[in-house]
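Trainee: Below is the file target_22.json, which contains JSON, C-alpha atoms.
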[["chain", "number", "residue", "atom", "x", "y", "z"],
["A", 74, "MET", "CA", 6.55, -10.99, -19.15],
["A", 75, "PHE", "CA", 9.85, -10.97, -17.26],
["A", 76, "THR", "CA", 11.11, -8.00, -19.32],
["A", 77, "GLY", "CA", 7.99, -6.08, -18.34],
["A", 78, "PHE", "CA", 8.60, -6.99, -14.70],
["A", 79, "VAL", "CA", 12.13, -5.57, -14.87],
["A", 80, "ARG", "CA", 10.90, -2.33, -16.44],
["A", 81, "LEU", "CA", 8.26, -1.93, -13.75],
["A", 82, "LEU", "CA", 10.88, -2.70, -11.12],
["A", 83, "VAL", "CA", 13.26, -0.02, -12.36],
["A", 84, "PHE", "CA", 10.43, 2.52, -12.53],
["A", 85, "ALA", "CA", 9.29, 1.72, -9.00],
["A", 86, "VAL", "CA", 12.77, 2.04, -7.54],
["A", 87, "ALA", "CA", 13.27, 5.31, -9.41],
["A", 88, "LEU", "CA", 10.17, 6.72, -7.72],
["A", 89, "VAL", "CA", 11.50, 5.70, -4.32],
["A", 90, "GLY", "CA", 14.92, 7.16, -5.03],
["A", 91, "ALA", "CA", 13.34, 10.47, -5.98],
["A", 92, "LYS", "CA", 12.05, 10.89, -2.43],
["A", 93, "VAL", "CA", 15.51, 11.04, -0.85],
["A", 94, "SER", "CA", 16.43, 14.42, 0.60],
["A", 95, "PHE", "CA", 19.59, 15.40, -1.25],
["A", 96, "ALA", "CA", 21.72, 18.49, -0.70],
["A", 97, "ALA", "CA", 24.94, 19.23, -2.52],
["A", 98, "GLY", "CA", 27.96, 18.42, -0.39],
["A", 99, "ASP", "CA", 31.41, 20.00, -0.08],
["A", 100, "ALA", "CA", 34.03, 17.27, -0.51],
["A", 101, "GLN", "CA", 36.81, 19.36, 1.05],
["A", 102, "ALA", "CA", 34.75, 20.03, 4.15],
["A", 103, "GLY", "CA", 33.70, 16.39, 4.17],
["A", 104, "GLN", "CA", 37.30, 15.19, 4.35],
["A", 105, "GLN", "CA", 37.71, 16.91, 7.70],
["A", 106, "LYS", "CA", 34.34, 15.75, 9.00],
["A", 107, "ALA", "CA", 35.14, 12.14, 8.03],
["A", 108, "ALA", "CA", 38.19, 11.98, 10.30],
["A", 109, "MET", "CA", 36.53, 9.55, 12.70],
["A", 110, "CYS", "CA", 35.51, 7.28, 9.82],
["A", 111, "LEU", "CA", 39.07, 6.51, 8.74],
["A", 112, "GLY", "CA", 39.74, 3.74, 11.22],
["A", 113, "CYS", "CA", 37.11, 1.46, 9.67],
["A", 114, "HIS", "CA", 36.64, 2.75, 6.12],
["A", 115, "GLY", "CA", 40.20, 3.77, 5.27],
["A", 116, "VAL", "CA", 41.74, 7.16, 4.54],
["A", 117, "ASP", "CA", 40.31, 7.18, 1.01],
["A", 118, "GLY", "CA", 37.17, 5.13, 1.66],
["A", 119, "ASN", "CA", 38.75, 1.83, 0.67],
["A", 120, "SER", "CA", 38.48, -0.32, 3.77],
["A", 121, "LEU", "CA", 40.93, -3.16, 4.16],
["A", 122, "VAL", "CA", 38.60, -5.26, 6.34],
["A", 123, "PRO", "CA", 35.76, -7.09, 4.52],
["A", 124, "ASN", "CA", 33.32, -6.39, 7.35],
["A", 125, "PHE", "CA", 33.50, -2.67, 6.58],
["A", 126, "PRO", "CA", 32.22, -1.50, 3.18],
["A", 127, "LYS", "CA", 34.27, 0.44, 0.70],
["A", 128, "LEU", "CA", 32.68, 3.89, 0.52],
["A", 129, "ALA", "CA", 34.85, 5.36, -2.21],
["A", 130, "GLY", "CA", 32.91, 6.21, -5.35],
["A", 131, "LEU", "CA", 29.79, 4.50, -4.03],
["A", 132, "GLY", "CA", 27.45, 7.33, -5.06],
["A", 133, "GLU", "CA", 26.86, 10.61, -3.24],
["A", 134, "LYS", "CA", 23.08, 10.33, -3.08],
["A", 135, "TYR", "CA", 23.22, 6.73, -1.88],
["A", 136, "LEU", "CA", 25.85, 7.49, 0.77],
["A", 137, "LEU", "CA", 23.83, 10.40, 2.11],
["A", 138, "LYS", "CA", 20.66, 8.30, 2.36],
["A", 139, "GLN", "CA", 22.43, 5.50, 4.22],
["A", 140, "MET", "CA", 23.99, 7.88, 6.74],
["A", 141, "GLN", "CA", 20.65, 9.63, 7.26],
["A", 142, "ASP", "CA", 18.95, 6.26, 7.75],
["A", 143, "ILE", "CA", 21.59, 5.18, 10.27],
["A", 144, "ARG", "CA", 21.35, 8.48, 12.15],
["A", 145, "ASP", "CA", 17.56, 8.43, 12.21],
["A", 146, "GLY", "CA", 17.22, 4.77, 13.19],
["A", 147, "ARG", "CA", 15.88, 3.42, 9.90],
["A", 148, "ARG", "CA", 18.98, 1.30, 9.41],
["A", 149, "PRO", "CA", 20.41, -0.01, 12.69],
["A", 150, "VAL", "CA", 24.13, -0.77, 12.36],
["A", 151, "ALA", "CA", 25.76, -1.72, 15.65],
["A", 152, "LEU", "CA", 29.26, -0.76, 14.50],
["A", 153, "MET", "CA", 27.99, 2.72, 13.57],
["A", 154, "ALA", "CA", 26.29, 3.38, 16.90],
["A", 155, "GLY", "CA", 26.77, 7.02, 17.87],
["A", 156, "GLN", "CA", 29.00, 7.86, 14.93],
["A", 157, "VAL", "CA", 26.61, 10.15, 13.08],
["A", 158, "ASP", "CA", 23.99, 10.85, 15.75],
["A", 159, "ASN", "CA", 24.85, 14.54, 16.15],
["A", 160, "MET", "CA", 25.52, 15.33, 12.50],
["A", 161, "THR", "CA", 23.33, 17.61, 10.40],
["A", 162, "ASP", "CA", 22.18, 16.81, 6.87],
["A", 163, "GLN", "CA", 24.84, 19.21, 5.63],
["A", 164, "ASP", "CA", 27.56, 17.38, 7.58],
["A", 165, "LEU", "CA", 26.43, 14.09, 6.07],
["A", 166, "SER", "CA", 26.21, 15.62, 2.59],
["A", 167, "ASP", "CA", 29.79, 16.83, 2.89],
["A", 168, "ILE", "CA", 31.04, 13.41, 4.01],
["A", 169, "ALA", "CA", 29.12, 11.74, 1.19],
["A", 170, "ALA", "CA", 30.66, 14.15, -1.32],
["A", 171, "PHE", "CA", 34.15, 13.43, -0.01],
["A", 172, "TYR", "CA", 33.86, 9.67, -0.17],
["A", 173, "ASN", "CA", 32.18, 9.74, -3.55],
["A", 174, "SER", "CA", 35.08, 11.79, -4.92],
["A", 175, "GLN", "CA", 37.55, 9.01, -4.09],
["A", 176, "ALA", "CA", 38.51, 6.20, -6.47],
["A", 177, "ARG", "CA", 37.27, 2.77, -5.34],
["A", 178, "SER", "CA", 39.77, -0.07, -5.40],
["A", 179, "GLY", "CA", 39.00, -3.32, -7.19],
["A", 180, "SER", "CA", 38.99, -6.92, -6.04],
["A", 181, "GLN", "CA", 38.74, -10.38, -7.59],
["A", 182, "THR", "CA", 36.05, -12.92, -8.41],
["A", 183, "ASP", "CA", 36.39, -16.51, -7.24],
["A", 184, "PRO", "CA", 36.76, -18.46, -10.52],
["A", 185, "GLU", "CA", 34.50, -21.22, -9.19],
["A", 186, "LYS", "CA", 31.68, -18.71, -8.64],
["A", 187, "LEU", "CA", 32.15, -16.73, -11.85],
["A", 188, "ALA", "CA", 29.60, -18.45, -14.12],
["A", 189, "LEU", "CA", 26.71, -18.41, -11.65],
["A", 190, "GLY", "CA", 27.56, -14.93, -10.39],
["A", 191, "ARG", "CA", 27.66, -13.51, -13.92],
["A", 192, "LYS", "CA", 24.31, -15.14, -14.76],
["A", 193, "VAL", "CA", 22.55, -13.71, -11.71],
["A", 194, "TYR", "CA", 24.08, -10.26, -12.11],
["A", 195, "LEU", "CA", 23.47, -9.85, -15.83],
["A", 196, "ALA", "CA", 20.36, -11.98, -16.41],
["A", 197, "GLY", "CA", 18.70, -12.54, -13.04],
["A", 198, "ILE", "CA", 16.79, -15.71, -12.23],
["A", 199, "ALA", "CA", 13.75, -15.77, -14.49],
["A", 200, "GLU", "CA", 11.98, -18.74, -12.93],
["A", 201, "ARG", "CA", 11.83, -16.90, -9.57],
["A", 202, "GLN", "CA", 11.36, -13.41, -10.98],
["A", 203, "VAL", "CA", 14.71, -12.23, -9.66],
["A", 204, "PRO", "CA", 15.69, -9.24, -11.80],
["A", 205, "ALA", "CA", 19.19, -8.73, -13.13],
["A", 206, "CYS", "CA", 21.34, -6.66, -10.78],
["A", 207, "ALA", "CA", 22.63, -4.86, -13.86],
["A", 208, "ALA", "CA", 19.19, -3.30, -14.42],
["A", 209, "CYS", "CA", 19.79, -0.83, -11.58],
["A", 210, "HIS", "CA", 23.50, -1.11, -10.82],
["A", 211, "SER", "CA", 24.65, -1.11, -14.50],
["A", 212, "PRO", "CA", 26.34, -3.99, -16.34],
["A", 213, "THR", "CA", 29.75, -2.68, -15.28],
["A", 214, "GLY", "CA", 28.79, -2.21, -11.63],
["A", 215, "ASN", "CA", 29.03, 1.59, -11.75],
["A", 216, "GLY", "CA", 25.50, 2.16, -10.50],
["A", 217, "ASN", "CA", 23.28, 5.12, -11.24],
["A", 218, "GLY", "CA", 24.27, 8.09, -9.11],
["A", 219, "PRO", "CA", 21.34, 10.44, -9.86],
["A", 220, "ALA", "CA", 18.84, 7.67, -9.08],
["A", 221, "GLY", "CA", 20.64, 6.73, -5.88],
["A", 222, "TYR", "CA", 21.62, 3.21, -6.98],
["A", 223, "PRO", "CA", 25.07, 2.47, -5.56],
["A", 224, "ALA", "CA", 28.13, 1.57, -7.59],
["A", 225, "LEU", "CA", 28.94, -1.98, -6.50],
["A", 226, "GLY", "CA", 31.98, -2.94, -8.57],
["A", 227, "GLY", "CA", 35.00, -3.85, -6.44],
["A", 228, "GLN", "CA", 33.04, -4.04, -3.17],
["A", 229, "HIS", "CA", 34.12, -6.70, -0.68],
["A", 230, "ALA", "CA", 32.29, -9.92, -1.55],
["A", 231, "GLU", "CA", 31.80, -10.71, 2.13],
["A", 232, "TYR", "CA", 30.11, -7.38, 2.76],
["A", 233, "THR", "CA", 27.84, -7.59, -0.29],
["A", 234, "ALA", "CA", 26.76, -11.12, 0.62],
["A", 235, "ALA", "CA", 26.07, -10.09, 4.21],
["A", 236, "GLN", "CA", 23.87, -7.19, 3.08],
["A", 237, "LEU", "CA", 21.90, -9.36, 0.66],
["A", 238, "LYS", "CA", 21.25, -11.85, 3.44],
["A", 239, "MET", "CA", 20.15, -9.03, 5.74],
["A", 240, "PHE", "CA", 17.76, -7.80, 3.04],
["A", 241, "ARG", "CA", 16.46, -11.35, 2.70],
["A", 242, "LYS", "CA", 15.89, -11.52, 6.45],
["A", 243, "GLY", "CA", 14.19, -8.13, 6.33],
["A", 244, "TYR", "CA", 11.53, -9.50, 3.98],
["A", 245, "GLU", "CA", 9.91, -11.26, 6.96],
["A", 246, "ASP", "CA", 11.74, -10.00, 10.04],
["A", 247, "ALA", "CA", 12.17, -6.37, 11.08],
["A", 248, "ALA", "CA", 15.52, -7.36, 12.60],
["A", 249, "GLY", "CA", 16.85, -7.66, 9.04],
["A", 250, "ARG", "CA", 17.62, -4.76, 6.71],
["A", 251, "THR", "CA", 14.45, -2.90, 5.78],
["A", 252, "ASN", "CA", 15.66, 0.49, 4.53],
["A", 253, "GLY", "CA", 15.86, -0.39, 0.85],
["A", 254, "GLY", "CA", 12.81, 1.69, -0.02],
["A", 255, "GLU", "CA", 9.03, 1.50, 0.12],
["A", 256, "ALA", "CA", 8.92, -0.74, -2.96],
["A", 257, "LYS", "CA", 10.91, -3.39, -1.03],
["A", 258, "ILE", "CA", 12.84, -4.24, -4.19],
["A", 259, "MET", "CA", 16.00, -5.43, -2.47],
["A", 260, "ARG", "CA", 14.10, -7.42, 0.14],
["A", 261, "THR", "CA", 11.93, -9.14, -2.46],
["A", 262, "THR", "CA", 14.90, -9.84, -4.70],
["A", 263, "ALA", "CA", 17.11, -11.27, -1.95],
["A", 264, "PHE", "CA", 14.23, -13.35, -0.52],
["A", 265, "ARG", "CA", 14.10, -15.32, -3.77],
["A", 266, "MET", "CA", 17.83, -16.09, -3.81],
["A", 267, "SER", "CA", 19.69, -19.02, -2.27],
["A", 268, "ASP", "CA", 22.88, -18.68, -0.24],
["A", 269, "MET", "CA", 24.81, -20.10, -3.17],
["A", 270, "GLU", "CA", 23.39, -17.51, -5.56],
["A", 271, "ILE", "CA", 24.03, -14.67, -3.14],
["A", 272, "ASP", "CA", 27.63, -15.72, -2.54],
["A", 273, "ALA", "CA", 28.23, -16.16, -6.27],
["A", 274, "VAL", "CA", 26.83, -12.78, -7.31],
["A", 275, "ALA", "CA", 28.69, -11.06, -4.46],
["A", 276, "SER", "CA", 31.92, -12.62, -5.71],
["A", 277, "TYR", "CA", 31.15, -11.54, -9.29],
["A", 278, "ILE", "CA", 30.50, -7.96, -8.13],
["A", 279, "ALA", "CA", 33.84, -7.90, -6.33],
["A", 280, "GLY", "CA", 35.58, -8.60, -9.62],
["A", 281, "LEU", "CA", 33.85, -5.80, -11.54],
["A", 282, "GLN", "CA", 36.39, -3.03, -12.07],
["A", 283, "PRO", "CA", 35.31, 0.39, -10.79],
["A", 284, "SER", "CA", 35.38, 3.19, -13.35],
["A", 285, "PRO", "CA", 38.27, 5.70, -12.99]]
Here is a file; write its structure as structure tokens.
Mentor:
Amino acid sequence: MFTGFVRLLVFAVALVGAKVSFAAGDAQAGQQKAAMCLGCHGVDGNSLVPNFPKLAGLGEKYLLKQMQDIRDGRRPVALMAGQVDNMTDQDLSDIAAFYNSQARSGSQTDPEKLALGRKVYLAGIAERQVPACAACHSPTGNGNGPAGYPALGGQHAEYTAAQLKMFRKGYEDAAGRTNGGEAKIMRTTAFRMSDMEIDAVASYIAGLQPSP
């Protein structure tokens, strides 16, 4: 039964991902347009501060959707206020192409969180119908670019945990993160996870090595 649930989950998220407006971006043009992003996200999209996500190699389609959602008010992010308000879809596509063309740096997993984090990421939590993260984000953390599922490997553990907790809040409270798609997959998944499980899987993700 749980295997069937995972298959249905992946299919549902794929349908949502297919609705994203996606235009091919120009990475060279995007490098110039991303000039104001460097202070927080780093010259090559590898932020040094855990509060700011690494954007390098995250996935062009995913990056574009997030910037469109921030610009259009579907994903309020206080630290991004005003940053993309006046940008066109083409501007955002170019920036997404630039950041996706960069190599994402790796990080490390806390050894004390490794076992639980690996279990949640690769196998999920069957008794609460939490699907394996690997089903959408790949066992190696390299995501699924065409489907719009971000590559997570190497991401700051603090940032990943914060986003999962915001998705969990968004399950019941509009003040949380609600832009994960009409199927509410991320909200439903995070709602069924404890703080300990979230922190462990975020740490495990940080230790996954991004593909070259």
Trainee: Between A:Lys127, A:Asp99, A:Leu237, A:Thr261, which residue has the minimum interatomic distance to Arg201 (chain A), considering only C-alpha atoms?
Mentor: A:Thr261
Trainee: Anything within 9 Å of (29.7, 0.2, -14.2): list those residues as JSON, numbers by chain, counting only C-alpha atoms and sticking to the file's coordinates.
Mentor: {"A": [207, 210, 211, 212, 213, 214, 215, 216, 217, 224, 225, 226, 281, 282, 283, 284]}
Trainee: Using only C-alpha atoms, pick whichever of A:Pro126, A:Cys206, A:Gly253, A:Gly227 has the shortest atom-to-atom distance to Leu111 (chain A).
Mentor: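 Between A:Pro126, A:Cys206, A:Gly253, A:Gly227, the residue approaching Leu111 (chain A) most closely is A:Pro126.
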Trainee: For Val122 (chain A), work out the shell of residues within 12 Å, counting only C-alpha atoms and skipping chain neighbours fewer than 6 positions away, then give it as JSON, numbers by chain.
Mentor: {"A": [112, 113, 114, 115, 228, 229, 230, 231, 232]}
Trainee: Please indicate the distance in Å from CA of Gly98 (chain A) to CA of Ser180 (chain A), rounded to one decimal place.
Mentor: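 Interatomic distance here is 28.2 Å.
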Trainee: Pick the closest to Thr182 (chain A) from A:Gly103, A:Gly280, A:Gly155, A:Pro285: which is it, counting only C-alpha atoms?
Mentor: A:Gly280
Trainee: Between A:Asn124, A:Gln141, A:Ser276, A:Gln105, which residue has the minimum interatomic distance to Phe171 (chain A), considering all atoms listed in the file?
Mentor: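 Smallest distance to Phe171 (chain A) is found for A:Gln105.
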Trainee: CA of Leu136 (chain A) to CA of Leu189 (chain A): how many Å, to one decimal?
Mentor: 28.7 Å
